[in-house]
>>> print(open('my_file24.txt').read())   # compact mmCIF, C-alpha atoms
# COMPACT_ATOMS: atom_id res chain seq x y z
CA MET G 1 -14.67 3.81 -52.45
CA ARG G 2 -11.53 5.36 -50.95
CA ILE G 3 -12.13 7.43 -47.80
CA LEU G 4 -9.61 9.94 -46.50
CA VAL G 5 -9.83 10.29 -42.71
CA SER G 6 -8.29 13.10 -40.68
CA ASN G 7 -8.93 14.88 -37.37
CA ASP G 8 -7.59 17.56 -35.05
CA ASP G 9 -7.02 15.46 -31.92
CA GLY G 10 -4.01 13.76 -33.45
CA VAL G 11 -3.16 10.53 -35.18
CA HIS G 12 -3.11 8.53 -31.91
CA ALA G 13 -6.56 9.65 -30.70
CA GLU G 14 -9.16 7.08 -29.73
CA GLY G 15 -11.78 8.75 -31.91
CA ILE G 16 -9.89 8.34 -35.16
CA ARG G 17 -9.29 4.65 -34.46
CA ALA G 18 -13.00 4.04 -33.79
CA LEU G 19 -13.92 5.94 -36.95
CA CYS G 20 -11.54 3.94 -39.13
CA GLU G 21 -12.80 0.62 -37.79
CA ALA G 22 -16.37 1.55 -38.67
CA LEU G 23 -15.58 2.98 -42.11
CA ARG G 24 -13.70 -0.09 -43.29
CA ALA G 25 -17.12 -1.62 -43.96
CA CYS G 26 -17.69 1.22 -46.47
CA GLY G 27 -14.42 1.08 -48.40
CA GLU G 28 -10.67 1.56 -48.25
CA VAL G 29 -9.63 3.93 -45.45
CA VAL G 30 -6.52 6.12 -45.63
CA VAL G 31 -5.54 8.17 -42.58
CA VAL G 32 -3.55 11.41 -42.78
CA ALA G 33 -3.76 13.28 -39.48
CA PRO G 34 -1.72 15.64 -37.27
CA ASP G 35 1.09 14.08 -35.27
CA ARG G 36 -0.29 15.67 -32.10
CA ASN G 37 -3.38 17.45 -30.78
CA ARG G 38 -4.18 20.48 -32.95
CA SER G 39 -7.60 21.33 -31.55
CA GLY G 40 -8.63 24.91 -32.29
CA ALA G 41 -6.37 25.17 -35.34
CA SER G 42 -9.34 26.20 -37.49
CA HIS G 43 -8.52 26.41 -41.22
CA SER G 44 -4.87 27.41 -40.85
CA LEU G 45 -2.20 26.28 -43.32
CA THR G 46 1.50 25.93 -42.55
CA LEU G 47 3.27 28.16 -45.06
CA GLU G 48 6.65 29.12 -43.61
CA VAL G 49 8.11 25.74 -42.65
CA PRO G 50 8.11 22.42 -44.55
CA LEU G 51 5.70 19.64 -43.61
CA ARG G 52 7.14 16.38 -42.36
CA VAL G 53 5.25 13.09 -42.67
CA THR G 54 5.85 9.87 -40.72
CA ARG G 55 4.12 6.58 -41.44
CA ILE G 56 3.21 4.76 -38.22
CA SER G 57 4.12 1.12 -38.65
CA GLU G 58 1.54 -0.32 -36.23
CA THR G 59 -1.47 1.30 -37.91
CA GLY G 60 -0.31 2.47 -41.33
CA TYR G 61 -1.56 5.97 -40.51
CA HIS G 62 0.33 9.00 -41.84
CA ALA G 63 1.29 11.50 -39.13
CA VAL G 64 1.86 15.07 -40.35
CA LYS G 65 3.68 17.74 -38.40
CA GLY G 66 1.04 20.30 -39.31
CA THR G 67 -2.58 21.34 -39.02
CA PRO G 68 -5.71 19.40 -39.98
CA THR G 69 -6.03 21.51 -43.13
CA ASP G 70 -2.39 20.75 -43.98
CA CYS G 71 -3.20 17.05 -43.67
CA VAL G 72 -6.13 17.06 -46.08
CA HIS G 73 -4.41 19.39 -48.53
CA LEU G 74 -1.24 17.29 -48.54
CA ALA G 75 -3.15 14.01 -48.76
CA VAL G 76 -5.25 15.04 -51.75
CA ASN G 77 -2.47 16.77 -53.65
CA GLU G 78 0.40 14.38 -52.95
CA LEU G 79 0.09 11.43 -50.58
CA VAL G 80 -3.08 9.57 -51.56
CA ARG G 81 -3.05 7.93 -55.00
CA PRO G 82 -5.51 7.34 -56.49
CA GLU G 83 -7.16 10.36 -54.94
CA PRO G 84 -9.89 9.79 -52.33
CA ASP G 85 -13.60 9.76 -53.10
CA MET G 86 -14.65 11.31 -49.80
CA VAL G 87 -13.22 13.07 -46.72
CA VAL G 88 -14.36 12.29 -43.17
CA ALA G 89 -12.98 14.24 -40.18
CA GLY G 90 -13.22 12.98 -36.60
CA ILE G 91 -14.32 11.52 -34.38
CA ASN G 92 -13.65 14.69 -32.40
CA HIS G 93 -13.14 14.34 -28.65
CA GLY G 94 -15.83 16.80 -27.62
CA ALA G 95 -18.59 18.87 -29.20
CA ASN G 96 -18.41 21.12 -32.24
CA LEU G 97 -21.68 22.98 -31.67
CA GLY G 98 -22.67 26.53 -32.55
CA ASP G 99 -19.71 28.91 -32.60
CA ASP G 100 -17.28 25.99 -32.14
CA VAL G 101 -17.26 25.46 -35.90
CA ILE G 102 -15.33 28.73 -36.34
CA TYR G 103 -12.35 27.36 -34.41
CA SER G 104 -12.64 23.63 -35.02
CA GLY G 105 -9.83 21.85 -36.81
CA THR G 106 -12.19 18.93 -37.35
CA VAL G 107 -14.68 21.07 -39.25
CA ALA G 108 -11.80 22.73 -41.11
CA ALA G 109 -10.50 19.36 -42.31
CA ALA G 110 -13.91 18.53 -43.75
CA THR G 111 -14.19 22.01 -45.25
CA GLU G 112 -10.84 21.60 -46.98
CA GLY G 113 -12.02 18.29 -48.40
CA ARG G 114 -15.15 19.94 -49.82
CA HIS G 115 -13.09 22.88 -51.10
CA LEU G 116 -10.93 20.39 -53.01
CA GLY G 117 -13.98 18.79 -54.55
CA TYR G 118 -14.97 15.83 -52.35
CA PRO G 119 -18.10 15.00 -50.35
CA SER G 120 -17.11 15.66 -46.75
CA LEU G 121 -18.41 15.45 -43.21
CA ALA G 122 -17.13 16.29 -39.74
CA ILE G 123 -18.25 14.15 -36.82
CA SER G 124 -17.86 14.87 -33.11
CA LEU G 125 -18.75 13.03 -29.91
CA VAL G 126 -20.17 15.33 -27.23
CA GLY G 127 -18.02 13.62 -24.61
CA LYS G 128 -15.17 11.11 -24.51
CA THR G 129 -16.73 7.71 -23.85
CA HIS G 130 -19.09 6.25 -26.46
CA PHE G 131 -17.00 6.53 -29.60
CA ALA G 132 -18.64 3.39 -31.00
CA THR G 133 -21.96 5.26 -31.11
CA ALA G 134 -20.49 8.12 -33.13
CA ALA G 135 -18.68 5.66 -35.39
CA HIS G 136 -21.98 3.90 -36.13
CA TYR G 137 -23.55 7.14 -37.33
CA ALA G 138 -20.45 8.09 -39.29
CA ALA G 139 -20.67 4.86 -41.29
CA LEU G 140 -24.41 5.36 -41.79
CA LEU G 141 -23.90 8.85 -43.19
CA VAL G 142 -20.96 7.85 -45.38
CA LYS G 143 -23.14 5.19 -47.00
CA GLY G 144 -25.78 7.86 -47.57
CA LEU G 145 -23.26 10.22 -49.18
CA MET G 146 -22.09 7.40 -51.44
CA LYS G 147 -25.62 7.04 -52.81
CA HIS G 148 -26.73 10.68 -52.73
CA PRO G 149 -23.87 13.24 -52.61
CA LEU G 150 -24.53 16.68 -51.18
CA PRO G 151 -24.44 19.91 -53.24
CA ALA G 152 -20.91 20.98 -54.06
CA ASP G 153 -20.87 23.86 -51.57
CA GLN G 154 -21.92 21.94 -48.43
CA ILE G 155 -20.47 19.75 -45.72
CA LEU G 156 -22.24 18.02 -42.84
CA ASN G 157 -21.35 18.93 -39.26
CA VAL G 158 -22.45 15.99 -37.12
CA ASN G 159 -22.57 15.88 -33.31
CA VAL G 160 -23.46 12.71 -31.41
CA PRO G 161 -24.58 12.51 -27.77
CA ASP G 162 -22.19 10.60 -25.52
CA LEU G 163 -24.66 7.75 -24.99
CA PRO G 164 -24.86 4.03 -25.74
CA LEU G 165 -26.26 3.44 -29.21
CA GLU G 166 -29.58 2.07 -27.91
CA GLN G 167 -30.21 5.30 -25.97
CA ILE G 168 -29.94 7.59 -29.01
CA ARG G 169 -33.42 8.88 -29.82
CA GLY G 170 -32.83 9.51 -33.52
CA ILE G 171 -31.41 12.14 -35.88
CA ARG G 172 -32.39 15.79 -36.24
CA VAL G 173 -31.41 18.26 -38.94
CA THR G 174 -30.45 21.43 -37.10
CA ARG G 175 -29.11 24.95 -37.38
CA LEU G 176 -26.14 26.25 -35.47
CA GLY G 177 -26.87 27.69 -32.05
CA ASN G 178 -24.48 30.13 -30.44
CA ARG G 179 -22.76 30.89 -27.16
CA HIS G 180 -22.30 33.92 -24.99
CA ARG G 181 -18.99 35.71 -25.25
CA ALA G 182 -16.09 33.48 -24.21
CA GLU G 183 -14.86 33.75 -20.65
CA SER G 184 -11.89 35.88 -19.70
CA VAL G 185 -8.30 35.02 -20.48
CA ILE G 186 -6.56 33.42 -17.49
CA ARG G 187 -3.40 35.26 -16.43
CA THR G 188 -0.73 33.54 -14.40
CA GLU G 189 3.08 33.51 -14.12
CA ASP G 190 5.85 31.21 -15.23
CA PRO G 191 8.56 30.04 -12.73
CA ARG G 192 10.58 33.20 -13.52
CA GLY G 193 7.71 35.48 -12.61
CA GLN G 194 6.89 36.47 -16.19
CA PRO G 195 3.20 36.73 -17.13
CA ILE G 196 1.65 33.96 -19.22
CA TYR G 197 -1.90 33.65 -20.47
CA TRP G 198 -4.36 30.81 -21.10
CA ILE G 199 -7.40 31.10 -23.35
CA GLY G 200 -10.44 30.55 -21.11
CA PRO G 201 -13.26 28.06 -21.68
CA PRO G 202 -16.04 28.85 -24.19
CA GLY G 203 -19.03 30.85 -23.07
CA ASP G 204 -22.30 29.31 -21.93
CA LYS G 205 -25.07 28.57 -24.44
CA GLN G 206 -26.96 31.67 -25.57
CA ASP G 207 -29.15 30.47 -28.47
CA ALA G 208 -29.96 26.85 -27.65
CA GLY G 209 -33.63 26.89 -28.57
CA GLU G 210 -35.66 24.35 -30.52
CA GLY G 211 -34.11 23.59 -33.87
CA THR G 212 -30.54 24.24 -32.78
CA ASP G 213 -27.74 21.70 -32.57
CA PHE G 214 -27.52 22.37 -28.81
CA ALA G 215 -31.18 21.45 -28.31
CA ALA G 216 -30.91 18.23 -30.31
CA ILE G 217 -27.95 17.01 -28.26
CA GLU G 218 -29.62 17.96 -24.98
CA GLN G 219 -32.65 15.86 -25.96
CA GLY G 220 -30.58 12.82 -26.94
CA TYR G 221 -30.63 13.20 -30.72
CA VAL G 222 -27.79 13.17 -33.22
CA SER G 223 -27.48 16.68 -34.66
CA ILE G 224 -26.69 17.15 -38.36
CA THR G 225 -26.11 20.70 -39.54
CA PRO G 226 -25.38 21.46 -43.20
CA LEU G 227 -22.67 24.11 -43.53
CA THR G 228 -21.96 26.09 -46.69
CA ILE G 229 -18.44 26.66 -47.95
CA ASP G 230 -19.38 29.90 -49.73
CA MET G 231 -19.63 32.40 -46.86
CA THR G 232 -21.10 35.23 -48.95
CA ALA G 233 -24.08 36.88 -47.24
CA TYR G 234 -26.24 36.92 -50.38
CA ASP G 235 -29.24 38.42 -48.57
CA SER G 236 -27.12 41.47 -47.77
CA LEU G 237 -25.78 42.24 -51.25
CA ALA G 238 -28.59 44.60 -52.28
CA GLY G 239 -28.70 46.30 -48.89
CA LEU G 240 -24.96 46.87 -48.86
CA GLY G 241 -25.13 48.39 -52.32
CA ALA G 242 -27.85 50.81 -51.18
CA TRP G 243 -25.79 51.70 -48.09
CA LEU G 244 -22.78 52.51 -50.28
CA ASP G 245 -24.95 54.74 -52.47
CA LEU G 246 -25.86 56.73 -49.35
CA GLN G 247 -22.20 57.41 -48.72
CA GLY G 248 -22.18 59.65 -51.77
>>> encode(input="my_file24.txt", output="structure tokens")
Amino acid sequence: MRILVSNDDGVHAEGIRALCEALRACGEVVVVAPDRNRSGASHSLTLEVPLRVTRISETGYHAVKGTPTDCVHLAVNELVRPEPDMVVAGINHGANLGDDVIYSGTVAAATEGRHLGYPSLAISLVGKTHFATAAHYAALLVKGLMKHPLPADQILNVNVPDLPLEQIRGIRVTRLGNRHRAESVIRTEDPRGQPIYWIGPPGDKQDAGEGTDFAAIEQGYVSITPLTIDMTAYDSLAGLGAWLDLQG
């Protein structure tokens, strides 16, 4: 088993080191990750400048001057030979719950892995302390995927409470919750008096009811949400066709 590991917090992040240590019990681990923090990069590819790769001598990790999606794409198509058997993204420093998956580079790295044909999962710690707990569940799920792969159009989005392992209450299969509209952009000025803007923090939880990923985390459970790669709204196909007929 050869496991490709990437993330969006960067090749030097604590989460990726904890993940690699745990996954070495499952097989050979190869790391190809951004050379710096690329949180919020979503599924972007770098198309107008070349990608540069540096191998870090202390760890053997490959640092890419690009996005998480660049890393997985480059690894599968060029850097990793033989090709990997699985892609694992994380451990993210912070939650990827509800709407977060739209923006998450961690989820995008796993999505790219699935798009290229490999079983994939994204794992996030809802905090920045107990990475060993998240790493434990990552290894557990990787072993499960080795025995029973998911359907070809799915990845797992995993969030782990920031608790010691013995305080985790179990695992729940969940749906995505959602947040209220994000807070306002923050306007300020640079030293020359020119306006600059910061994206504000995400909105508060809106749908965090029973069955959501938010609820599972709040209650001390690991949340596992299956995400589909095919984003077609199949339930709407017939209705959209009827609506178009009404347009004449």
>>> residues_around(input="my_file24.txt", residues="region 144-148 of chain G", least_positions_apart="2", cutoff="12 Å", atoms="all atoms listed in the file", output="PyMOL selection string")
chain G and resi 1-3+26-27+85-88+118-121+137-142+150-152+154-156
>>> closest_residue(input="my_file24.txt", among="G:Asn77, G:Gln219, G:Thr67, G:Asn96", to="Gly170 (chain G)", atoms="only C-alpha atoms")
G:Gln219
>>> atom_distance(input="my_file24.txt", atom1="CA of Val173 (chain G)", atom2="CA of Asp230 (chain G)")
19.9 Å
>>> residues_near_point(input="my_file24.txt", point="(-8.1, 30.8, -17.9)", cutoff="9 Å", atoms="all atoms listed in the file", output="PyMOL selection string")
chain G and resi 183-188+197-201
>>> atom_distance(input="my_file24.txt", atom1="CA of Thr133 (chain G)", atom2="CA of Leu23 (chain G)")
12.9 Å
>>> residues_near_point(input="my_file24.txt", point="(-0.9, 12.2, -50.7)", cutoff="12 Å", atoms="all atoms listed in the file", output="JSON, numbers by chain")
{"G": [4, 30, 31, 32, 33, 53, 55, 61, 62, 63, 64, 70, 71, 72, 73, 74, 75, 76, 77, 78, 79, 80, 81, 82, 83, 84]}
>>> write_last_selection(input="my_file24.txt", atoms="C-alpha atoms", output="short mmCIF file (atom, residue, chain, number, x, y, z; two decimals), keeping the file's coordinate frame")
data_model
loop_
_atom_site.label_atom_id
_atom_site.label_comp_id
_atom_site.auth_asym_id
_atom_site.auth_seq_id
_atom_site.Cartn_x
_atom_site.Cartn_y
_atom_site.Cartn_z
CA LEU G 4 -9.61 9.94 -46.50
CA VAL G 30 -6.52 6.12 -45.63
CA VAL G 31 -5.54 8.17 -42.58
CA VAL G 32 -3.55 11.41 -42.78
CA ALA G 33 -3.76 13.28 -39.48
CA VAL G 53 5.25 13.09 -42.67
CA ARG G 55 4.12 6.58 -41.44
CA TYR G 61 -1.56 5.97 -40.51
CA HIS G 62 0.33 9.00 -41.84
CA ALA G 63 1.29 11.50 -39.13
CA VAL G 64 1.86 15.07 -40.35
CA ASP G 70 -2.39 20.75 -43.98
CA CYS G 71 -3.20 17.05 -43.67
CA VAL G 72 -6.13 17.06 -46.08
CA HIS G 73 -4.41 19.39 -48.53
CA LEU G 74 -1.24 17.29 -48.54
CA ALA G 75 -3.15 14.01 -48.76
CA VAL G 76 -5.25 15.04 -51.75
CA ASN G 77 -2.47 16.77 -53.65
CA GLU G 78 0.40 14.38 -52.95
CA LEU G 79 0.09 11.43 -50.58
CA VAL G 80 -3.08 9.57 -51.56
CA ARG G 81 -3.05 7.93 -55.00
CA PRO G 82 -5.51 7.34 -56.49
CA GLU G 83 -7.16 10.36 -54.94
CA PRO G 84 -9.89 9.79 -52.33
#
>>> residues_around(input="my_file24.txt", residues="Val126 (chain G)", least_positions_apart="3", cutoff="12 Å", atoms="all atoms listed in the file", output="JSON, numbers by chain")
{"G": [15, 90, 91, 92, 93, 94, 95, 96, 97, 123, 129, 130, 131, 133, 134, 158, 159, 160, 161, 162, 163, 213, 214, 216, 217, 218, 220, 221, 222, 223]}
>>> atom_distance(input="my_file24.txt", atom1="CA of Gly127 (chain G)", atom2="CA of Pro34 (chain G)")
20.7 Å
>>> residues_around(input="my_file24.txt", residues="Gly203 (chain G)", least_positions_apart="2", cutoff="6 Å", atoms="all atoms listed in the file", output="list of chain:residue names")
G:Arg179, G:His180, G:Arg181, G:Ala182, G:Glu183
>>> residues_around(input="my_file24.txt", residues="Ser39 (chain G)", least_positions_apart="6", cutoff="10 Å", atoms="all atoms listed in the file", output="NGL selection string")
:G and (7-10 or 67-68 or 92-93 or 103-106)
>>> closest_atom_pairs(input="my_file24.txt", of="region 88-199 of chain G", to="region 231-244 of chain G", cutoff="12 Å", atoms="all atoms listed in the file", output="JSON lines")
{"residue": "G:Ile102", "atom": "CA", "partner": "G:Met231", "partner_atom": "CA", "distance": 11.9}
{"residue": "G:Thr111", "atom": "CA", "partner": "G:Met231", "partner_atom": "CA", "distance": 11.8}
{"residue": "G:Asp153", "atom": "CA", "partner": "G:Met231", "partner_atom": "CA", "distance": 9.8}
{"residue": "G:Gln154", "atom": "CA", "partner": "G:Met231", "partner_atom": "CA", "distance": 10.8}
